[in-house]
Amino acid sequence: QVQLVESGGGLVQPGGSLKLSCEASANIFSFSNMGWFRQAPGKTQRDMVATIDLRDTTYYHESMEGRVTISKDNRKNILYLQMNNLKPEDTAVYYCNANARFGSGVFWGQGTQVTVSS
């Protein structure tokens, strides 16, 4: 079973920055794409923040574009999300996601809390 472990969340003031990490227990090339999703307080839906595929093609939610950068370290099997100019509405639990390259496996991390508040 693939495990994804997020880290890097915390409390930050508006305008601040955070870098989230997601360490995968499997080789990162075993995933067709990986991404970050978030679940805001009081909501049940997880919204896509950013994704990256095997070719390093990236996609960003329009509300985050220009403020976040998704990247991965293929040697260390780690996915990153650099977030800048954070706003209170970015407060959420951020989840790492990976989709198996072969088969139908979809994997989620346990989530990391990001709180943007003064």
# chains A, B, ... in the order shown; residues from 1 in each chain; ligands from 1

call {"tool": "select_by_dssp", "arguments": {"residues": "chain A", "states": "strand (DSSP E)", "output": "MDAnalysis selection string"}}
result
chainID A and resid 4:7 10:12 18:24 31:39 47:53 58:60 68:73 78:83 92:100 106:108 112:116

call {"tool": "residues_around", "arguments": {"residues": "Val116 in chain A", "least_positions_apart": "3", "cutoff": "8 Å", "atoms": "only C-alpha atoms", "output": "list of chain:residue names"}}
result
A:Leu11, A:Val12, A:Gln13, A:Pro14, A:Leu86, A:Lys87, A:Pro88, A:Glu89, A:Asp90, A:Thr91

call {"tool": "residues_around", "arguments": {"residues": "Gly109 in chain A", "least_positions_apart": "4", "cutoff": "9 Å", "atoms": "only C-alpha atoms", "output": "ChimeraX atom specification"}}
result
/A:3-6,22,95-98

call {"tool": "write_last_selection", "arguments": {"atoms": "all heavy atoms", "output": "short mmCIF file (atom, residue, chain, number, x, y, z; two decimals), in the first residue's frame"}}
result
data_model
loop_
_atom_site.label_atom_id
_atom_site.label_comp_id
_atom_site.auth_asym_id
_atom_site.auth_seq_id
_atom_site.Cartn_x
_atom_site.Cartn_y
_atom_site.Cartn_z
N GLN A 3 1.98 4.93 0.73
CA GLN A 3 1.73 5.92 1.77
C GLN A 3 2.26 7.28 1.32
O GLN A 3 3.34 7.37 0.73
CB GLN A 3 2.39 5.52 3.08
CG GLN A 3 1.73 4.33 3.75
CD GLN A 3 2.27 4.07 5.15
OE1 GLN A 3 3.44 4.31 5.40
NE2 GLN A 3 1.42 3.58 6.04
N LEU A 4 1.47 8.30 1.60
CA LEU A 4 1.86 9.68 1.32
C LEU A 4 1.84 10.43 2.65
O LEU A 4 0.83 10.41 3.35
CB LEU A 4 0.89 10.33 0.34
CG LEU A 4 0.71 9.64 -1.01
CD1 LEU A 4 -0.42 10.32 -1.80
CD2 LEU A 4 1.99 9.65 -1.81
N VAL A 5 2.93 11.08 2.98
CA VAL A 5 3.03 11.77 4.27
C VAL A 5 3.35 13.24 4.03
O VAL A 5 4.43 13.58 3.54
CB VAL A 5 4.11 11.14 5.16
CG1 VAL A 5 4.18 11.87 6.50
CG2 VAL A 5 3.81 9.65 5.38
N GLU A 6 2.39 14.09 4.39
CA GLU A 6 2.56 15.53 4.22
C GLU A 6 3.23 16.14 5.44
O GLU A 6 3.11 15.64 6.56
CB GLU A 6 1.22 16.23 3.99
CG GLU A 6 0.42 15.75 2.81
CD GLU A 6 -0.70 14.82 3.20
OE1 GLU A 6 -0.55 14.12 4.22
OE2 GLU A 6 -1.72 14.77 2.49
N CYS A 22 5.39 16.36 0.53
CA CYS A 22 4.67 15.09 0.55
C CYS A 22 5.66 14.00 0.16
O CYS A 22 6.10 13.96 -1.00
CB CYS A 22 3.49 15.14 -0.41
SG CYS A 22 2.71 13.52 -0.68
N TYR A 95 -4.08 18.31 1.25
CA TYR A 95 -3.86 16.88 1.06
C TYR A 95 -3.01 16.63 -0.17
O TYR A 95 -3.20 17.27 -1.22
CB TYR A 95 -5.19 16.16 0.88
CG TYR A 95 -6.08 16.15 2.10
CD1 TYR A 95 -7.03 17.14 2.28
CD2 TYR A 95 -5.99 15.13 3.05
CE1 TYR A 95 -7.86 17.15 3.39
CE2 TYR A 95 -6.81 15.12 4.17
CZ TYR A 95 -7.75 16.13 4.33
OH TYR A 95 -8.57 16.12 5.43
N CYS A 96 -2.13 15.67 -0.05
CA CYS A 96 -1.34 15.19 -1.17
C CYS A 96 -2.11 14.04 -1.84
O CYS A 96 -2.72 13.22 -1.15
CB CYS A 96 0.01 14.70 -0.65
SG CYS A 96 1.10 13.98 -1.87
N ASN A 97 -2.07 14.00 -3.15
CA ASN A 97 -2.78 12.98 -3.92
C ASN A 97 -1.87 12.41 -4.98
O ASN A 97 -1.05 13.13 -5.56
CB ASN A 97 -4.02 13.62 -4.57
CG ASN A 97 -4.62 12.77 -5.66
OD1 ASN A 97 -4.28 12.90 -6.84
ND2 ASN A 97 -5.52 11.87 -5.28
N ALA A 98 -2.03 11.12 -5.23
CA ALA A 98 -1.26 10.47 -6.30
C ALA A 98 -2.14 9.43 -6.98
O ALA A 98 -2.91 8.74 -6.32
CB ALA A 98 0.00 9.82 -5.72
#

call {"tool": "atom_distance", "arguments": {"atom1": "CA of Pro41 in chain A", "atom2": "CA of Val93 in chain A"}}
result
8.0 Å

call {"tool": "closest_residue", "arguments": {"among": "A:Tyr94, A:Ser17, A:Ile28, A:Asp53", "to": "Arg75 in chain A", "atoms": "only C-alpha atoms"}}
result
A:Ile28

call {"tool": "decode", "arguments": {"residues": "range 71-111 of chain A", "atoms": "N, CA and C atoms", "output": "PDB file, in the first residue's frame"}}
result
ATOM      1  N   SER A  71       6.086  21.241  -7.479  1.00  0.00           N
ATOM      2  CA  SER A  71       7.302  20.642  -8.034  1.00  0.00           C
ATOM      3  C   SER A  71       7.532  19.292  -7.371  1.00  0.00           C
ATOM      4  N   LYS A  72       8.455  18.512  -7.935  1.00  0.00           N
ATOM      5  CA  LYS A  72       8.764  17.228  -7.322  1.00  0.00           C
ATOM      6  C   LYS A  72      10.234  16.899  -7.465  1.00  0.00           C
ATOM      7  N   ASP A  73      10.709  16.146  -6.491  1.00  0.00           N
ATOM      8  CA  ASP A  73      12.086  15.650  -6.515  1.00  0.00           C
ATOM      9  C   ASP A  73      12.002  14.158  -6.803  1.00  0.00           C
ATOM     10  N   ASN A  74      12.321  13.795  -8.020  1.00  0.00           N
ATOM     11  CA  ASN A  74      12.166  12.400  -8.444  1.00  0.00           C
ATOM     12  C   ASN A  74      13.119  11.454  -7.719  1.00  0.00           C
ATOM     13  N   ARG A  75      14.251  11.978  -7.276  1.00  0.00           N
ATOM     14  CA  ARG A  75      15.212  11.098  -6.588  1.00  0.00           C
ATOM     15  C   ARG A  75      14.765  10.810  -5.163  1.00  0.00           C
ATOM     16  N   LYS A  76      14.178  11.821  -4.523  1.00  0.00           N
ATOM     17  CA  LYS A  76      13.760  11.668  -3.131  1.00  0.00           C
ATOM     18  C   LYS A  76      12.303  11.226  -2.993  1.00  0.00           C
ATOM     19  N   ASN A  77      11.580  11.173  -4.137  1.00  0.00           N
ATOM     20  CA  ASN A  77      10.155  10.802  -4.121  1.00  0.00           C
ATOM     21  C   ASN A  77       9.338  11.759  -3.250  1.00  0.00           C
ATOM     22  N   ILE A  78       9.568  13.039  -3.425  1.00  0.00           N
ATOM     23  CA  ILE A  78       8.878  14.061  -2.649  1.00  0.00           C
ATOM     24  C   ILE A  78       8.201  15.049  -3.593  1.00  0.00           C
ATOM     25  N   LEU A  79       6.976  15.377  -3.258  1.00  0.00           N
ATOM     26  CA  LEU A  79       6.188  16.393  -3.957  1.00  0.00           C
ATOM     27  C   LEU A  79       6.159  17.634  -3.079  1.00  0.00           C
ATOM     28  N   TYR A  80       6.290  18.796  -3.703  1.00  0.00           N
ATOM     29  CA  TYR A  80       6.304  20.054  -2.955  1.00  0.00           C
ATOM     30  C   TYR A  80       5.183  20.984  -3.420  1.00  0.00           C
ATOM     31  N   LEU A  81       4.827  21.902  -2.527  1.00  0.00           N
ATOM     32  CA  LEU A  81       3.932  22.993  -2.899  1.00  0.00           C
ATOM     33  C   LEU A  81       4.442  24.246  -2.198  1.00  0.00           C
ATOM     34  N   GLN A  82       5.011  25.150  -2.966  1.00  0.00           N
ATOM     35  CA  GLN A  82       5.458  26.433  -2.427  1.00  0.00           C
ATOM     36  C   GLN A  82       4.295  27.409  -2.534  1.00  0.00           C
ATOM     37  N   MET A  83       3.915  27.983  -1.411  1.00  0.00           N
ATOM     38  CA  MET A  83       2.790  28.915  -1.393  1.00  0.00           C
ATOM     39  C   MET A  83       3.265  30.278  -0.898  1.00  0.00           C
ATOM     40  N   ASN A  84       2.981  31.305  -1.662  1.00  0.00           N
ATOM     41  CA  ASN A  84       3.383  32.667  -1.318  1.00  0.00           C
ATOM     42  C   ASN A  84       2.164  33.575  -1.243  1.00  0.00           C
ATOM     43  N   ASN A  85       2.349  34.715  -0.598  1.00  0.00           N
ATOM     44  CA  ASN A  85       1.270  35.709  -0.488  1.00  0.00           C
ATOM     45  C   ASN A  85      -0.038  35.052  -0.037  1.00  0.00           C
ATOM     46  N   LEU A  86       0.061  34.303   1.036  1.00  0.00           N
ATOM     47  CA  LEU A  86      -1.102  33.562   1.520  1.00  0.00           C
ATOM     48  C   LEU A  86      -2.177  34.495   2.058  1.00  0.00           C
ATOM     49  N   LYS A  87      -3.416  34.078   1.865  1.00  0.00           N
ATOM     50  CA  LYS A  87      -4.578  34.856   2.287  1.00  0.00           C
ATOM     51  C   LYS A  87      -5.380  34.055   3.299  1.00  0.00           C
ATOM     52  N   PRO A  88      -6.175  34.727   4.129  1.00  0.00           N
ATOM     53  CA  PRO A  88      -6.994  33.989   5.102  1.00  0.00           C
ATOM     54  C   PRO A  88      -7.873  32.921   4.450  1.00  0.00           C
ATOM     55  N   GLU A  89      -8.346  33.174   3.244  1.00  0.00           N
ATOM     56  CA  GLU A  89      -9.189  32.193   2.564  1.00  0.00           C
ATOM     57  C   GLU A  89      -8.423  30.965   2.081  1.00  0.00           C
ATOM     58  N   ASP A  90      -7.107  30.973   2.241  1.00  0.00           N
ATOM     59  CA  ASP A  90      -6.311  29.791   1.914  1.00  0.00           C
ATOM     60  C   ASP A  90      -6.266  28.812   3.095  1.00  0.00           C
ATOM     61  N   THR A  91      -6.852  29.217   4.215  1.00  0.00           N
ATOM     62  CA  THR A  91      -6.897  28.333   5.371  1.00  0.00           C
ATOM     63  C   THR A  91      -7.656  27.058   5.032  1.00  0.00           C
ATOM     64  N   ALA A  92      -7.008  25.916   5.260  1.00  0.00           N
ATOM     65  CA  ALA A  92      -7.605  24.635   4.891  1.00  0.00           C
ATOM     66  C   ALA A  92      -6.667  23.511   5.330  1.00  0.00           C
ATOM     67  N   VAL A  93      -7.184  22.303   5.236  1.00  0.00           N
ATOM     68  CA  VAL A  93      -6.317  21.127   5.342  1.00  0.00           C
ATOM     69  C   VAL A  93      -5.870  20.794   3.919  1.00  0.00           C
ATOM     70  N   TYR A  94      -4.583  20.684   3.740  1.00  0.00           N
ATOM     71  CA  TYR A  94      -4.008  20.410   2.414  1.00  0.00           C
ATOM     72  C   TYR A  94      -3.616  18.939   2.329  1.00  0.00           C
ATOM     73  N   TYR A  95      -4.079  18.309   1.253  1.00  0.00           N
ATOM     74  CA  TYR A  95      -3.863  16.882   1.064  1.00  0.00           C
ATOM     75  C   TYR A  95      -3.010  16.634  -0.172  1.00  0.00           C
ATOM     76  N   CYS A  96      -2.133  15.666  -0.047  1.00  0.00           N
ATOM     77  CA  CYS A  96      -1.343  15.187  -1.170  1.00  0.00           C
ATOM     78  C   CYS A  96      -2.106  14.041  -1.837  1.00  0.00           C
ATOM     79  N   ASN A  97      -2.074  14.005  -3.151  1.00  0.00           N
ATOM     80  CA  ASN A  97      -2.784  12.984  -3.924  1.00  0.00           C
ATOM     81  C   ASN A  97      -1.867  12.407  -4.981  1.00  0.00           C
ATOM     82  N   ALA A  98      -2.027  11.116  -5.233  1.00  0.00           N
ATOM     83  CA  ALA A  98      -1.260  10.472  -6.297  1.00  0.00           C
ATOM     84  C   ALA A  98      -2.136   9.433  -6.982  1.00  0.00           C
ATOM     85  N   ASN A  99      -2.011   9.357  -8.289  1.00  0.00           N
ATOM     86  CA  ASN A  99      -2.770   8.382  -9.073  1.00  0.00           C
ATOM     87  C   ASN A  99      -1.805   7.385  -9.712  1.00  0.00           C
ATOM     88  N   ALA A 100      -2.103   6.105  -9.521  1.00  0.00           N
ATOM     89  CA  ALA A 100      -1.211   5.067 -10.023  1.00  0.00           C
ATOM     90  C   ALA A 100      -1.095   5.130 -11.542  1.00  0.00           C
ATOM     91  N   ARG A 101       0.122   4.925 -12.002  1.00  0.00           N
ATOM     92  CA  ARG A 101       0.373   4.913 -13.444  1.00  0.00           C
ATOM     93  C   ARG A 101      -0.196   3.652 -14.077  1.00  0.00           C
ATOM     94  N   PHE A 102      -0.174   2.567 -13.371  1.00  0.00           N
ATOM     95  CA  PHE A 102      -0.718   1.307 -13.847  1.00  0.00           C
ATOM     96  C   PHE A 102      -1.759   0.837 -12.839  1.00  0.00           C
ATOM     97  N   GLY A 103      -2.929   0.525 -13.330  1.00  0.00           N
ATOM     98  CA  GLY A 103      -4.014   0.161 -12.435  1.00  0.00           C
ATOM     99  C   GLY A 103      -4.838   1.376 -12.078  1.00  0.00           C
ATOM    100  N   SER A 104      -5.675   1.206 -11.073  1.00  0.00           N
ATOM    101  CA  SER A 104      -6.631   2.265 -10.740  1.00  0.00           C
ATOM    102  C   SER A 104      -6.424   2.834  -9.345  1.00  0.00           C
ATOM    103  N   GLY A 105      -5.246   2.659  -8.786  1.00  0.00           N
ATOM    104  CA  GLY A 105      -5.019   3.145  -7.434  1.00  0.00           C
ATOM    105  C   GLY A 105      -4.999   4.655  -7.327  1.00  0.00           C
ATOM    106  N   VAL A 106      -5.710   5.163  -6.324  1.00  0.00           N
ATOM    107  CA  VAL A 106      -5.704   6.584  -5.995  1.00  0.00           C
ATOM    108  C   VAL A 106      -5.332   6.691  -4.526  1.00  0.00           C
ATOM    109  N   PHE A 107      -4.335   7.497  -4.242  1.00  0.00           N
ATOM    110  CA  PHE A 107      -3.801   7.543  -2.895  1.00  0.00           C
ATOM    111  C   PHE A 107      -3.861   8.958  -2.335  1.00  0.00           C
ATOM    112  N   TRP A 108      -4.119   9.033  -1.022  1.00  0.00           N
ATOM    113  CA  TRP A 108      -4.213  10.314  -0.321  1.00  0.00           C
ATOM    114  C   TRP A 108      -3.339  10.287   0.922  1.00  0.00           C
ATOM    115  N   GLY A 109      -2.789  11.428   1.256  1.00  0.00           N
ATOM    116  CA  GLY A 109      -2.104  11.577   2.513  1.00  0.00           C
ATOM    117  C   GLY A 109      -3.094  11.900   3.612  1.00  0.00           C
ATOM    118  N   GLN A 110      -2.587  12.078   4.817  1.00  0.00           N
ATOM    119  CA  GLN A 110      -3.461  12.321   5.967  1.00  0.00           C
ATOM    120  C   GLN A 110      -3.823  13.801   6.099  1.00  0.00           C
ATOM    121  N   GLY A 111      -3.140  14.652   5.355  1.00  0.00           N
ATOM    122  CA  GLY A 111      -3.445  16.083   5.384  1.00  0.00           C
ATOM    123  C   GLY A 111      -2.558  16.859   6.342  1.00  0.00           C
TER     124      GLY A 111
END
